[in-house]
file my_file_39.cif (mmCIF, C-alpha atoms (C1' of nucleotides))
data_query
loop_
_atom_site.label_atom_id
_atom_site.label_comp_id
_atom_site.auth_asym_id
_atom_site.auth_seq_id
_atom_site.Cartn_x
_atom_site.Cartn_y
_atom_site.Cartn_z
CA MET A 746 146.31 87.68 116.41
CA LYS A 747 150.01 87.48 117.00
CA MET A 748 152.75 89.36 115.22
CA SER A 749 155.90 87.56 114.15
CA GLY A 750 158.58 87.76 116.82
CA GLY A 751 161.07 88.61 114.12
CA VAL A 752 159.59 92.10 113.82
CA GLU A 753 161.13 93.12 117.12
CA TRP A 754 164.55 91.89 116.05
CA ALA A 755 164.31 93.58 112.67
CA LEU A 756 163.39 96.93 114.18
CA HIS A 757 166.21 96.83 116.69
CA CYS A 758 168.61 95.89 113.89
CA CYS A 759 167.48 98.85 111.81
CA VAL A 760 168.10 101.17 114.75
CA VAL A 761 171.57 99.71 115.23
CA LEU A 762 172.34 100.05 111.52
CA THR A 763 171.55 103.74 111.94
CA ALA A 764 174.69 104.05 114.01
CA ALA A 765 176.92 101.78 111.92
CA ALA A 766 179.57 103.29 109.69
CA GLY A 767 179.81 100.43 107.18
CA PRO A 768 178.05 97.14 106.45
CA VAL A 769 177.39 94.91 109.48
CA PRO A 770 177.26 91.10 109.17
CA ALA A 771 174.14 89.32 110.35
CA ALA A 772 176.17 87.26 112.79
CA ARG A 773 177.44 90.42 114.48
CA LEU A 774 173.91 91.77 114.87
CA ALA A 775 172.78 88.44 116.30
CA GLU A 776 175.60 88.44 118.83
CA LEU A 777 174.82 92.00 119.85
CA HIS A 778 171.19 91.11 120.57
CA ASP A 779 171.90 87.58 121.79
CA VAL A 780 169.49 85.91 119.41
CA SER A 781 169.69 83.05 116.93
CA GLY A 782 171.90 84.13 114.06
CA SER A 783 170.40 81.61 111.66
CA TYR A 784 166.93 82.94 112.19
CA LEU A 785 167.85 86.59 112.27
CA ALA A 786 169.35 86.08 108.81
CA LYS A 787 165.88 85.21 107.59
CA GLN A 788 164.42 88.49 108.83
CA LEU A 789 167.26 90.49 107.31
CA GLN A 790 166.67 88.77 104.01
CA SER A 791 163.06 89.89 104.17
CA LEU A 792 164.19 93.45 104.78
CA ALA A 793 166.59 93.20 101.85
CA ARG A 794 163.87 91.81 99.56
CA ALA A 795 161.70 94.79 100.52
CA GLY A 796 164.49 97.16 99.61
CA LEU A 797 164.92 98.60 103.11
CA ILE A 798 168.47 97.32 103.52
CA HIS A 799 170.97 96.09 100.97
CA SER A 800 173.51 93.33 101.34
CA VAL A 801 177.21 93.54 100.61
CA GLN A 802 178.83 90.19 99.99
CA GLY A 803 182.39 89.12 100.43
CA HIS A 804 185.08 89.56 103.02
CA ALA A 805 184.00 92.87 104.59
CA GLY A 806 180.34 92.51 103.70
CA GLY A 807 177.15 92.75 105.69
CA TYR A 808 173.94 94.73 105.72
CA ALA A 809 173.40 98.48 105.53
CA LEU A 810 170.39 100.77 105.26
CA THR A 811 169.51 101.78 101.72
CA ARG A 812 168.09 105.20 102.51
CA ASP A 813 167.86 107.80 105.23
CA PRO A 814 166.40 106.43 108.52
CA ALA A 815 163.89 109.29 108.48
CA ASN A 816 162.44 107.82 105.30
CA ILE A 817 161.95 104.32 106.69
CA THR A 818 158.78 103.91 108.71
CA VAL A 819 158.04 101.24 111.27
CA LEU A 820 155.22 100.12 109.00
CA ASP A 821 157.75 99.42 106.24
CA VAL A 822 159.64 97.05 108.52
CA VAL A 823 156.51 95.38 109.86
CA ALA A 824 155.16 94.85 106.36
CA ALA A 825 158.46 93.44 105.14
CA VAL A 826 158.87 90.91 107.95
CA ASP A 827 155.31 90.09 108.93
CA GLY A 828 153.64 90.46 105.55
CA ALA A 829 151.66 93.29 104.01
CA ALA A 830 148.29 91.53 104.08
CA PRO A 831 145.70 92.92 106.50
CA ALA A 832 145.07 90.86 109.62
CA PHE A 833 141.39 90.40 108.86
CA THR A 834 140.33 88.52 105.76
CA CYS A 835 136.69 88.74 104.71
CA THR A 836 135.39 85.44 103.38
CA GLU A 837 132.17 86.99 102.10
CA ILE A 838 129.89 84.78 104.12
CA ARG A 839 127.06 87.14 103.25
CA GLN A 840 127.08 85.48 99.80
CA ARG A 841 126.61 82.01 101.27
CA GLY A 842 123.78 80.14 102.95
CA PRO A 843 120.03 80.08 102.29
CA LEU A 844 119.68 83.87 102.61
CA ALA A 845 122.74 84.66 100.52
CA THR A 846 123.04 88.20 99.26
CA PRO A 847 123.27 88.29 95.45
CA ALA A 848 126.74 89.09 94.15
CA GLU A 849 125.60 92.23 92.37
CA ALA A 850 124.61 93.74 95.74
CA CYS A 851 128.11 93.18 97.12
CA ALA A 852 129.95 95.96 95.35
CA ILE A 853 131.08 97.51 98.64
CA PRO A 854 132.48 95.62 101.65
CA CYS A 855 130.00 94.51 104.29
CA PRO A 856 129.71 96.52 107.54
CA VAL A 857 131.87 94.04 109.45
CA HIS A 858 134.58 94.29 106.85
CA ARG A 859 134.36 98.08 106.83
CA ALA A 860 134.92 98.25 110.58
CA MET A 861 137.97 96.01 110.26
CA ILE A 862 139.37 98.05 107.39
CA ALA A 863 139.03 101.22 109.44
CA ALA A 864 140.80 99.67 112.42
CA ASP A 865 143.56 98.29 110.23
CA GLU A 866 144.05 101.68 108.64
CA ALA A 867 144.28 103.34 112.05
CA TRP A 868 146.91 100.80 113.05
CA ARG A 869 148.87 101.37 109.87
CA ALA A 870 148.68 105.14 110.24
CA ALA A 871 150.13 104.91 113.75
CA LEU A 872 153.01 102.75 112.51
CA ARG A 873 153.55 105.03 109.54
CA ASP A 874 153.92 108.04 111.82
CA VAL A 875 157.06 106.62 113.44
CA THR A 876 160.32 106.35 111.53
CA ILE A 877 163.54 104.53 112.31
CA ALA A 878 165.10 107.93 112.95
CA ASP A 879 162.41 108.58 115.56
CA LEU A 880 163.24 105.30 117.27
CA ALA A 881 166.92 106.17 117.29
CA ALA A 882 166.12 109.56 118.78
CA GLY A 883 164.07 107.80 121.44
CA VAL A 884 167.01 105.56 122.31
CA THR A 885 169.27 108.58 122.70
CA SER A 886 166.67 110.30 124.84
CA ASP A 887 166.16 107.24 127.04
CA TYR A 888 169.70 105.98 127.59
CA GLY A 889 171.88 109.01 127.01
CA PRO A 890 173.74 110.60 124.07
CA GLY A 891 176.69 108.18 124.31
CA THR A 892 174.64 105.05 123.66
CA PHE A 893 175.28 104.89 119.94
CA ASP A 894 178.94 105.65 120.43
CA GLY A 895 179.21 102.50 122.52
CA ILE A 896 177.43 100.49 119.85
CA ARG A 897 179.65 101.92 117.11
CA ARG A 898 182.73 101.05 119.15
CA TRP A 899 181.52 97.49 119.77
CA LEU A 900 180.75 96.94 116.10
CA GLY A 901 184.35 97.80 115.33
CA MET B 1218 149.84 88.83 111.90
CA LYS B 1219 146.65 87.03 111.17
CA MET B 1220 143.38 87.32 113.03
CA SER B 1221 141.41 84.22 113.81
CA GLY B 1222 138.87 83.47 111.11
CA GLY B 1223 136.31 82.82 113.80
CA VAL B 1224 136.07 86.54 114.49
CA GLU B 1225 134.18 87.11 111.26
CA TRP B 1226 131.71 84.37 112.08
CA ALA B 1227 131.22 85.61 115.63
CA LEU B 1228 130.50 89.17 114.52
CA HIS B 1229 127.97 88.08 111.92
CA CYS B 1230 126.31 85.87 114.51
CA CYS B 1231 126.03 88.78 116.92
CA VAL B 1232 124.39 90.87 114.23
CA VAL B 1233 121.92 88.10 113.48
CA LEU B 1234 121.14 87.66 117.17
CA THR B 1235 120.19 91.31 117.17
CA ALA B 1236 117.20 90.42 115.04
CA ALA B 1237 116.27 87.19 116.79
CA ALA B 1238 113.26 87.11 119.08
CA GLY B 1239 114.37 84.19 121.25
CA PRO B 1240 117.45 81.98 121.71
CA VAL B 1241 118.98 80.63 118.49
CA PRO B 1242 120.81 77.27 118.40
CA ALA B 1243 124.39 77.19 117.16
CA ALA B 1244 123.45 74.71 114.44
CA ARG B 1245 120.87 77.13 113.04
CA LEU B 1246 123.40 79.96 112.92
CA ALA B 1247 125.88 77.66 111.20
CA GLU B 1248 123.33 76.67 108.58
CA LEU B 1249 122.42 80.30 107.96
CA HIS B 1250 126.05 81.20 107.28
CA ASP B 1251 126.96 77.87 105.68
CA VAL B 1252 129.92 77.20 107.96
CA SER B 1253 131.06 74.30 110.12
CA GLY B 1254 128.64 73.98 113.02
CA SER B 1255 131.15 72.16 115.19
CA TYR B 1256 133.68 74.93 114.89
CA LEU B 1257 131.21 77.78 115.17
CA ALA B 1258 130.15 76.29 118.51
CA LYS B 1259 133.68 76.92 119.73
CA GLN B 1260 133.48 80.61 118.92
CA LEU B 1261 130.07 80.96 120.52
CA GLN B 1262 131.41 79.33 123.65
CA SER B 1263 134.14 81.97 123.74
CA LEU B 1264 131.52 84.69 123.47
CA ALA B 1265 129.53 83.07 126.27
CA ARG B 1266 132.61 82.82 128.50
CA ALA B 1267 133.21 86.54 127.91
CA GLY B 1268 129.65 87.31 128.97
CA LEU B 1269 128.57 88.77 125.64
CA ILE B 1270 125.97 86.09 124.98
CA HIS B 1271 124.32 83.60 127.29
CA SER B 1272 123.30 80.05 126.56
CA VAL B 1273 119.90 78.49 127.18
CA GLN B 1274 119.96 74.73 127.35
CA GLY B 1275 117.23 72.25 126.66
CA HIS B 1276 114.55 71.78 124.07
CA ALA B 1277 114.02 75.37 122.88
CA GLY B 1278 117.47 76.58 123.88
CA GLY B 1279 120.23 78.38 122.04
CA TYR B 1280 122.22 81.59 122.32
CA ALA B 1281 121.01 85.13 122.94
CA LEU B 1282 122.69 88.48 123.54
CA THR B 1283 123.07 89.39 127.19
CA ARG B 1284 122.79 93.14 126.81
CA ASP B 1285 121.78 95.84 124.38
CA PRO B 1286 123.65 95.65 121.04
CA ALA B 1287 124.59 99.31 121.44
CA ASN B 1288 126.61 98.31 124.51
CA ILE B 1289 128.61 95.57 122.78
CA THR B 1290 131.60 96.85 120.83
CA VAL B 1291 133.40 95.06 118.04
CA LEU B 1292 136.47 95.08 120.26
CA ASP B 1293 134.57 93.05 122.84
CA VAL B 1294 133.91 90.34 120.27
CA VAL B 1295 137.43 90.39 118.88
CA ALA B 1296 138.95 90.16 122.35
CA ALA B 1297 136.63 87.31 123.30
CA VAL B 1298 137.35 85.17 120.24
CA ASP B 1299 140.88 86.12 119.29
CA GLY B 1300 142.29 86.86 122.74
CA ALA B 1301 142.85 90.09 124.62
CA ALA B 1302 146.66 90.03 124.45
CA PRO B 1303 148.33 92.65 122.26
CA ALA B 1304 149.75 91.41 118.96
CA PHE B 1305 153.26 92.58 119.75
CA THR B 1306 155.16 91.05 122.64
CA CYS B 1307 158.35 92.76 123.77
CA THR B 1308 161.04 90.28 124.76
CA GLU B 1309 163.27 92.95 126.25
CA ILE B 1310 166.23 92.23 124.05
CA ARG B 1311 167.74 95.50 125.23
CA GLN B 1312 168.59 93.68 128.47
CA ARG B 1313 170.53 90.96 126.64
CA GLY B 1314 173.82 90.74 124.82
CA PRO B 1315 177.22 92.30 125.54
CA LEU B 1316 175.84 95.85 125.62
CA ALA B 1317 172.81 94.95 127.75
CA THR B 1318 170.98 97.84 129.36
CA PRO B 1319 170.86 97.40 133.16
CA ALA B 1320 167.44 96.41 134.46
CA GLU B 1321 167.11 99.53 136.62
CA ALA B 1322 167.20 101.66 133.46
CA CYS B 1323 164.27 99.75 131.94
CA ALA B 1324 161.44 101.20 133.96
CA ILE B 1325 159.63 102.41 130.85
CA PRO B 1326 159.13 100.43 127.62
CA CYS B 1327 161.76 100.85 124.92
CA PRO B 1328 161.02 103.10 121.91
CA VAL B 1329 160.14 100.12 119.70
CA HIS B 1330 157.67 98.86 122.26
CA ARG B 1331 156.17 102.32 122.71
CA ALA B 1332 155.47 102.62 118.98
CA MET B 1333 153.76 99.24 119.01
CA ILE B 1334 151.68 100.11 122.04
CA ALA B 1335 150.50 103.30 120.36
CA ALA B 1336 149.52 101.45 117.18
CA ASP B 1337 147.73 98.75 119.15
CA GLU B 1338 145.82 101.38 121.09
CA ALA B 1339 144.78 103.14 117.88
CA TRP B 1340 143.53 99.81 116.53
CA ARG B 1341 141.59 99.12 119.71
CA ALA B 1342 140.08 102.58 119.74
CA ALA B 1343 138.79 102.11 116.19
CA LEU B 1344 137.20 98.79 117.10
CA ARG B 1345 135.76 100.25 120.28
CA ASP B 1346 134.04 103.00 118.31
CA VAL B 1347 131.82 100.51 116.45
CA THR B 1348 129.07 98.61 118.22
CA ILE B 1349 126.99 95.63 117.16
CA ALA B 1350 124.05 98.02 116.82
CA ASP B 1351 126.10 100.09 114.38
CA LEU B 1352 126.82 96.98 112.32
CA ALA B 1353 123.13 96.10 112.27
CA ALA B 1354 122.29 99.63 111.15
CA GLY B 1355 124.86 99.28 108.40
CA VAL B 1356 123.23 96.08 107.21
CA THR B 1357 119.85 97.78 107.06
CA SER B 1358 121.35 100.70 105.20
CA ASP B 1359 123.16 98.45 102.71
CA TYR B 1360 120.55 95.80 101.94
CA GLY B 1361 117.25 97.46 102.76
CA PRO B 1362 114.93 97.72 105.77
CA GLY B 1363 113.38 94.29 105.20
CA THR B 1364 116.63 92.37 105.57
CA PHE B 1365 116.18 91.54 109.23
CA ASP B 1366 112.57 90.61 108.70
CA GLY B 1367 113.71 87.94 106.29
CA ILE B 1368 116.26 86.65 108.78
CA ARG B 1369 113.68 86.64 111.58
CA ARG B 1370 111.30 84.70 109.37
CA TRP B 1371 113.95 82.17 108.41
CA LEU B 1372 114.94 81.63 112.03
CA GLY B 1373 111.35 80.73 112.79
"C1'" DC C 1247 195.46 82.64 92.42
"C1'" DC C 1248 193.94 81.25 96.88
"C1'" DA C 1249 191.52 81.45 100.92
"C1'" DA C 1250 188.22 83.19 103.97
"C1'" DC C 1251 184.11 85.30 104.75
"C1'" DT C 1252 179.48 86.75 103.36
"C1'" DC C 1253 174.64 86.14 101.92
"C1'" DG C 1254 170.76 83.16 99.93
"C1'" DG C 1255 167.49 79.69 99.55
"C1'" DA C 1256 166.10 74.99 100.58
"C1'" DT C 1257 165.23 71.91 104.55
"C1'" DA C 1258 163.18 69.92 109.48
"C1'" DA C 1259 161.03 70.62 114.34
"C1'" DG C 1260 157.77 72.91 117.33
"C1'" DT C 1261 153.61 75.39 118.32
"C1'" DT C 1262 149.37 77.49 117.41
"C1'" DT C 1263 145.26 77.43 114.99
"C1'" DT C 1264 141.60 74.89 112.95
"C1'" DG C 1265 138.27 71.34 112.81
"C1'" DT C 1266 135.61 67.32 114.83
"C1'" DC C 1267 133.54 64.32 118.09
"C1'" DC C 1268 130.86 62.42 121.93
"C1'" DG C 1269 129.05 62.93 126.79
"C1'" DA C 1270 126.44 65.84 130.51
"C1'" DG C 1271 122.49 68.57 131.43
"C1'" DA C 1272 117.95 70.77 130.86
"C1'" DA C 1273 113.27 71.59 129.04
"C1'" DC C 1274 109.10 69.98 126.89
"C1'" DG C 1275 105.33 66.49 126.08
"C1'" DA C 1276 102.93 62.34 127.59
"C1'" DT D 1199 106.45 61.74 137.23
"C1'" DC D 1200 109.04 59.79 133.48
"C1'" DG D 1201 111.05 59.44 129.02
"C1'" DT D 1202 112.55 61.51 124.94
"C1'" DT D 1203 114.62 65.01 122.42
"C1'" DC D 1204 117.11 68.75 122.05
"C1'" DT D 1205 120.79 71.84 123.67
"C1'" DC D 1206 125.49 73.19 125.22
"C1'" DG D 1207 130.26 72.06 127.03
"C1'" DG D 1208 134.74 70.36 127.12
"C1'" DA D 1209 138.01 66.79 125.53
"C1'" DC D 1210 140.24 64.89 121.27
"C1'" DA D 1211 142.88 64.72 116.27
"C1'" DA D 1212 144.45 67.07 111.86
"C1'" DA D 1213 146.40 70.85 109.44
"C1'" DA D 1214 148.74 75.13 108.82
"C1'" DC D 1215 151.90 78.34 110.19
"C1'" DT D 1216 155.79 79.97 112.70
"C1'" DT D 1217 160.20 79.10 114.31
"C1'" DA D 1218 164.75 77.36 113.88
"C1'" DT D 1219 168.67 75.30 111.33
"C1'" DC D 1220 171.79 73.89 107.82
"C1'" DC D 1221 174.85 73.87 103.79
"C1'" DG D 1222 175.97 75.63 99.04
"C1'" DA D 1223 176.83 79.83 95.69
"C1'" DG D 1224 179.07 84.05 95.17
"C1'" DT D 1225 182.24 87.78 96.26
"C1'" DT D 1226 185.82 90.30 98.21
"C1'" DG D 1227 190.47 90.99 99.81
"C1'" DG D 1228 195.24 89.58 100.22
#
call {"tool": "encode", "arguments": {"input": "my_file_39.cif", "output": "structure tokens"}}
result
Amino acid sequence: MKMSGGVEWALHCCVVLTAAAGPVPAARLAELHDVSGSYLAKQLQSLARAGLIHSVQGHAGGYALTRDPANITVLDVVAAVDGAAPAFTCTEIRQRGPLATPAEACAIPCPVHRAMIAADEAWRAALRDVTIADLAAGVTSDYGPGTFDGIRRWLG
Amino acid sequence: MKMSGGVEWALHCCVVLTAAAGPVPAARLAELHDVSGSYLAKQLQSLARAGLIHSVQGHAGGYALTRDPANITVLDVVAAVDGAAPAFTCTEIRQRGPLATPAEACAIPCPVHRAMIAADEAWRAALRDVTIADLAAGVTSDYGPGTFDGIRRWLG
DNA sequence: CCAACTCGGATAAGTTTTGTCCGAGAACGA
DNA sequence: TCGTTCTCGGACAAAACTTATCCGAGTTGG
């Protein structure tokens, strides 16, 4: 039960892109966060494939958000980087063994599966309630209104 | 973001132990669910280490629940088998890089971390709301009142 | 037209999870 | 009381996934 470490990087990158004026290269984002540029590229590609950011190639290229930060939820980023599949996978062991339940009685998920589905949905709902814009607002609230100005200046 | 497959086995075993009169050997539980006995033993050991079940050695030994099923939550089982650590681990990348936040300003978790903590807590709360007794009641409701009688009979 | 810079996917190393085995210990029957 | 049989418990490999890296294709700007 461990989430990909790339999720943290991706979320921080999305928050930074909120402040950026134009496209930002992956290498610049990696330097800003002091992480492996080669690996961060992988996470950004996942975000691009999910349609959360779009890439601009060429001399002054880089990555930029595709839509308003208020319309990108944390769940979107987590699903893009870590995968959209639920953490729990039911293998239907109730249909196996000497006392196997017949398949026609298995129209609805078993009680164990139901509990896991409910927990997963609660988790998703919590992540869906927070947007990238909310995170950016939290950064401003925590570290002062000039924080993003400094980032914008450093990005060039 | 994948939960250990052993969690499913462990939960089903706990439900079965609800119906058992005496201790049940790991091999018997494995045969009932048609899974690897060697590997199921590992999960049961985790449950025993967590104090959810206790082992009885010797000729007529096996595993039995230590307390009332209504006092064992699904979260207890998940934490025992899959680990109690939260899925998301914050690496404090805000304290790294050229624009690093000074350590004295990092008394509280960053916004990203806060969102993850909230989601994790929602997930835990959902799992804490369901007990092994609830799962057993769900089985009875789904497959009929005689289900556990059949299991008890098969266990011998 | 050239050159430099960007992303994109294909390619290895490390780590965790999964799966298996045999030895130590305890209870029952003789 | 002793031996046998059954049980758990921890130590030992195999496999899958995550992590990390590289170089080529494509595009922009001068």
call {"tool": "atom_distance", "arguments": {"input": "my_file_39.cif", "atom1": "atom C1' of DA1270 of chain C", "atom2": "atom CA of Val1241 of chain B"}}
result
20.5 Å
call {"tool": "residues_near_point", "arguments": {"input": "my_file_39.cif", "point": "(157.8, 78.8, 109.2)", "cutoff": "12 Å", "atoms": "only C-alpha atoms (C1' of nucleotides)", "output": "ChimeraX atom specification"}}
result
/A:749-751,784,787-788,827 /C:1257-1262 /D:1214-1219
call {"tool": "interface_residues", "arguments": {"input": "my_file_39.cif", "of": "chain C", "to": "chain B", "cutoff": "9 Å", "atoms": "all atoms listed in the file", "output": "list in words"}}
result
DT1263, DT1264, DG1265, DT1266, DC1267, DG1271, DA1272, DA1273 and DC1274 of chain C
call {"tool": "resolve_selection", "arguments": {"input": "my_file_39.cif", "expression": "the PyMOL selection byres ((chain A) within 6 of (chain B))", "output": "list in words"}}
result
Met746, Lys747, Met748, Leu777, His778, Asp779, Ala832, Phe833, Gly842, Pro856, Ala864, Ala867, Trp868, Ala871, Leu872, Leu880 and Gly883 of chain A
call {"tool": "calpha_fit_and_write", "arguments": {"input": "my_file_39.cif", "fixed": "chain A", "moving": "chain B", "output": "compact mmCIF listing (two decimals) with C-alpha atoms, in the frame of the given file"}}
result
# COMPACT_ATOMS: atom_id res chain seq x y z
CA MET B 1218 146.32 87.74 116.26
CA LYS B 1219 150.00 87.48 116.86
CA MET B 1220 152.74 89.40 115.12
CA SER B 1221 155.87 87.61 114.06
CA GLY B 1222 158.55 87.79 116.72
CA GLY B 1223 161.05 88.64 114.03
CA VAL B 1224 159.59 92.12 113.75
CA GLU B 1225 161.11 93.13 117.07
CA TRP B 1226 164.52 91.89 116.02
CA ALA B 1227 164.31 93.59 112.63
CA LEU B 1228 163.40 96.95 114.14
CA HIS B 1229 166.22 96.83 116.66
CA CYS B 1230 168.62 95.89 113.89
CA CYS B 1231 167.50 98.86 111.81
CA VAL B 1232 168.11 101.16 114.75
CA VAL B 1233 171.58 99.72 115.25
CA LEU B 1234 172.37 100.07 111.56
CA THR B 1235 171.59 103.74 111.97
CA ALA B 1236 174.72 104.05 114.06
CA ALA B 1237 176.95 101.79 112.00
CA ALA B 1238 179.61 103.30 109.78
CA GLY B 1239 179.86 100.44 107.28
CA PRO B 1240 178.08 97.16 106.52
CA VAL B 1241 177.40 94.93 109.54
CA PRO B 1242 177.27 91.12 109.22
CA ALA B 1243 174.13 89.32 110.36
CA ALA B 1244 176.16 87.24 112.82
CA ARG B 1245 177.42 90.39 114.53
CA LEU B 1246 173.90 91.77 114.90
CA ALA B 1247 172.76 88.43 116.30
CA GLU B 1248 175.55 88.41 118.86
CA LEU B 1249 174.76 91.98 119.89
CA HIS B 1250 171.13 91.08 120.58
CA ASP B 1251 171.85 87.55 121.79
CA VAL B 1252 169.44 85.87 119.38
CA SER B 1253 169.65 83.02 116.89
CA GLY B 1254 171.88 84.13 114.03
CA SER B 1255 170.39 81.62 111.62
CA TYR B 1256 166.89 82.92 112.16
CA LEU B 1257 167.83 86.58 112.25
CA ALA B 1258 169.35 86.09 108.79
CA LYS B 1259 165.87 85.20 107.56
CA GLN B 1260 164.43 88.49 108.77
CA LEU B 1261 167.28 90.49 107.30
CA GLN B 1262 166.72 88.78 103.98
CA SER B 1263 163.10 89.91 104.11
CA LEU B 1264 164.24 93.47 104.73
CA ALA B 1265 166.66 93.22 101.82
CA ARG B 1266 163.96 91.86 99.51
CA ALA B 1267 161.78 94.83 100.48
CA GLY B 1268 164.59 97.22 99.59
CA LEU B 1269 165.00 98.64 103.09
CA ILE B 1270 168.54 97.35 103.51
CA HIS B 1271 171.06 96.12 100.99
CA SER B 1272 173.58 93.35 101.35
CA VAL B 1273 177.30 93.54 100.65
CA GLN B 1274 178.91 90.20 100.07
CA GLY B 1275 182.48 89.14 100.56
CA HIS B 1276 185.16 89.64 103.14
CA ALA B 1277 184.07 92.94 104.72
CA GLY B 1278 180.41 92.58 103.78
CA GLY B 1279 177.19 92.75 105.74
CA TYR B 1280 173.97 94.74 105.76
CA ALA B 1281 173.46 98.50 105.55
CA LEU B 1282 170.44 100.79 105.28
CA THR B 1283 169.60 101.82 101.74
CA ARG B 1284 168.18 105.23 102.53
CA ASP B 1285 167.95 107.82 105.26
CA PRO B 1286 166.45 106.46 108.51
CA ALA B 1287 163.97 109.34 108.49
CA ASN B 1288 162.52 107.87 105.28
CA ILE B 1289 162.01 104.36 106.66
CA THR B 1290 158.81 103.96 108.67
CA VAL B 1291 158.08 101.27 111.21
CA LEU B 1292 155.26 100.15 108.93
CA ASP B 1293 157.80 99.47 106.19
CA VAL B 1294 159.67 97.08 108.47
CA VAL B 1295 156.53 95.41 109.77
CA ALA B 1296 155.18 94.89 106.27
CA ALA B 1297 158.50 93.50 105.07
CA VAL B 1298 158.90 90.95 107.86
CA ASP B 1299 155.34 90.12 108.83
CA GLY B 1300 153.65 90.51 105.44
CA ALA B 1301 151.66 93.33 103.91
CA ALA B 1302 148.28 91.56 103.99
CA PRO B 1303 145.68 92.91 106.41
CA ALA B 1304 145.06 90.82 109.52
CA PHE B 1305 141.37 90.38 108.78
CA THR B 1306 140.28 88.48 105.70
CA CYS B 1307 136.63 88.70 104.68
CA THR B 1308 135.30 85.40 103.37
CA GLU B 1309 132.07 86.93 102.13
CA ILE B 1310 129.81 84.74 104.17
CA ARG B 1311 126.97 87.10 103.31
CA GLN B 1312 126.93 85.44 99.87
CA ARG B 1313 126.46 81.97 101.36
CA GLY B 1314 123.66 80.11 103.06
CA PRO B 1315 119.90 80.05 102.44
CA LEU B 1316 119.55 83.83 102.77
CA ALA B 1317 122.61 84.61 100.63
CA THR B 1318 122.91 88.17 99.38
CA PRO B 1319 123.11 88.24 95.56
CA ALA B 1320 126.57 89.02 94.24
CA GLU B 1321 125.42 92.17 92.44
CA ALA B 1322 124.47 93.69 95.81
CA CYS B 1323 127.99 93.14 97.18
CA ALA B 1324 129.82 95.90 95.39
CA ILE B 1325 130.98 97.45 98.66
CA PRO B 1326 132.40 95.57 101.67
CA CYS B 1327 129.94 94.48 104.33
CA PRO B 1328 129.68 96.49 107.59
CA VAL B 1329 131.85 94.00 109.48
CA HIS B 1330 134.56 94.26 106.86
CA ARG B 1331 134.34 98.05 106.82
CA ALA B 1332 134.94 98.23 110.57
CA MET B 1333 137.97 95.99 110.22
CA ILE B 1334 139.36 98.02 107.35
CA ALA B 1335 139.04 101.20 109.39
CA ALA B 1336 140.83 99.66 112.38
CA ASP B 1337 143.58 98.27 110.17
CA GLU B 1338 144.06 101.66 108.57
CA ALA B 1339 144.30 103.35 111.97
CA TRP B 1340 146.94 100.80 112.98
CA ARG B 1341 148.89 101.39 109.79
CA ALA B 1342 148.70 105.15 110.17
CA ALA B 1343 150.16 104.93 113.68
CA LEU B 1344 153.04 102.78 112.45
CA ARG B 1345 153.59 105.06 109.48
CA ASP B 1346 153.96 108.06 111.78
CA VAL B 1347 157.10 106.64 113.41
CA THR B 1348 160.36 106.37 111.51
CA ILE B 1349 163.58 104.54 112.29
CA ALA B 1350 165.16 107.94 112.95
CA ASP B 1351 162.47 108.60 115.55
CA LEU B 1352 163.27 105.30 117.25
CA ALA B 1353 166.96 106.16 117.29
CA ALA B 1354 166.17 109.55 118.80
CA GLY B 1355 164.10 107.80 121.44
CA VAL B 1356 167.02 105.56 122.32
CA THR B 1357 169.29 108.56 122.73
CA SER B 1358 166.69 110.28 124.85
CA ASP B 1359 166.15 107.21 127.04
CA TYR B 1360 169.69 105.94 127.58
CA GLY B 1361 171.87 108.98 127.03
CA PRO B 1362 173.75 110.56 124.12
CA GLY B 1363 176.68 108.15 124.35
CA THR B 1364 174.62 105.03 123.70
CA PHE B 1365 175.29 104.88 119.98
CA ASP B 1366 178.95 105.61 120.49
CA GLY B 1367 179.19 102.47 122.57
CA ILE B 1368 177.42 100.46 119.90
CA ARG B 1369 179.65 101.90 117.18
CA ARG B 1370 182.71 101.00 119.22
CA TRP B 1371 181.49 97.47 119.84
CA LEU B 1372 180.75 96.93 116.16
CA GLY B 1373 184.34 97.82 115.39
call {"tool": "atom_distance", "arguments": {"input": "my_file_39.cif", "atom1": "atom CA of Leu1269 of chain B", "atom2": "atom CA of Arg1370 of chain B"}}
result
24.1 Å
call {"tool": "resolve_selection", "arguments": {"input": "my_file_39.cif", "expression": "the PyMOL selection byres ((chain C and resi 1254) around 12)", "output": "list in words"}}
result
Ser783, Ala786, Lys787, Leu789, Gln790, Ser791, Ala793, Arg794, Ser800 and Gln802 of chain A; DT1252, DC1253, DG1255 and DA1256 of chain C; DC1221, DG1222, DA1223 and DG1224 of chain D
call {"tool": "residues_around", "arguments": {"input": "my_file_39.cif", "residues": "Ala1236 of chain B", "least_positions_apart": "3", "cutoff": "7 Å", "atoms": "only C-alpha atoms (C1' of nucleotides)", "output": "list in words"}}
result
Val1233, Phe1365 and Arg1369 of chain B
call {"tool": "atom_distance", "arguments": {"input": "my_file_39.cif", "atom1": "atom CA of Leu792 of chain A", "atom2": "atom CA of Ala825 of chain A"}}
result
5.7 Å
call {"tool": "resolve_selection", "arguments": {"input": "my_file_39.cif", "expression": "the PyMOL selection byres ((chain C and resi 1276) around 12)", "output": "PDB file with C-alpha atoms (C1' of nucleotides), in the coordinates of the input"}}
result
ATOM      1  C1'  DC C1274     109.100  69.980 126.890  1.00  0.00           C
ATOM      2  C1'  DG C1275     105.330  66.490 126.080  1.00  0.00           C
TER       3       DG C1275
ATOM      4  C1'  DT D1199     106.450  61.740 137.230  1.00  0.00           C
ATOM      5  C1'  DC D1200     109.040  59.790 133.480  1.00  0.00           C
ATOM      6  C1'  DG D1201     111.050  59.440 129.020  1.00  0.00           C
ATOM      7  C1'  DT D1202     112.550  61.510 124.940  1.00  0.00           C
TER       8       DT D1202
END
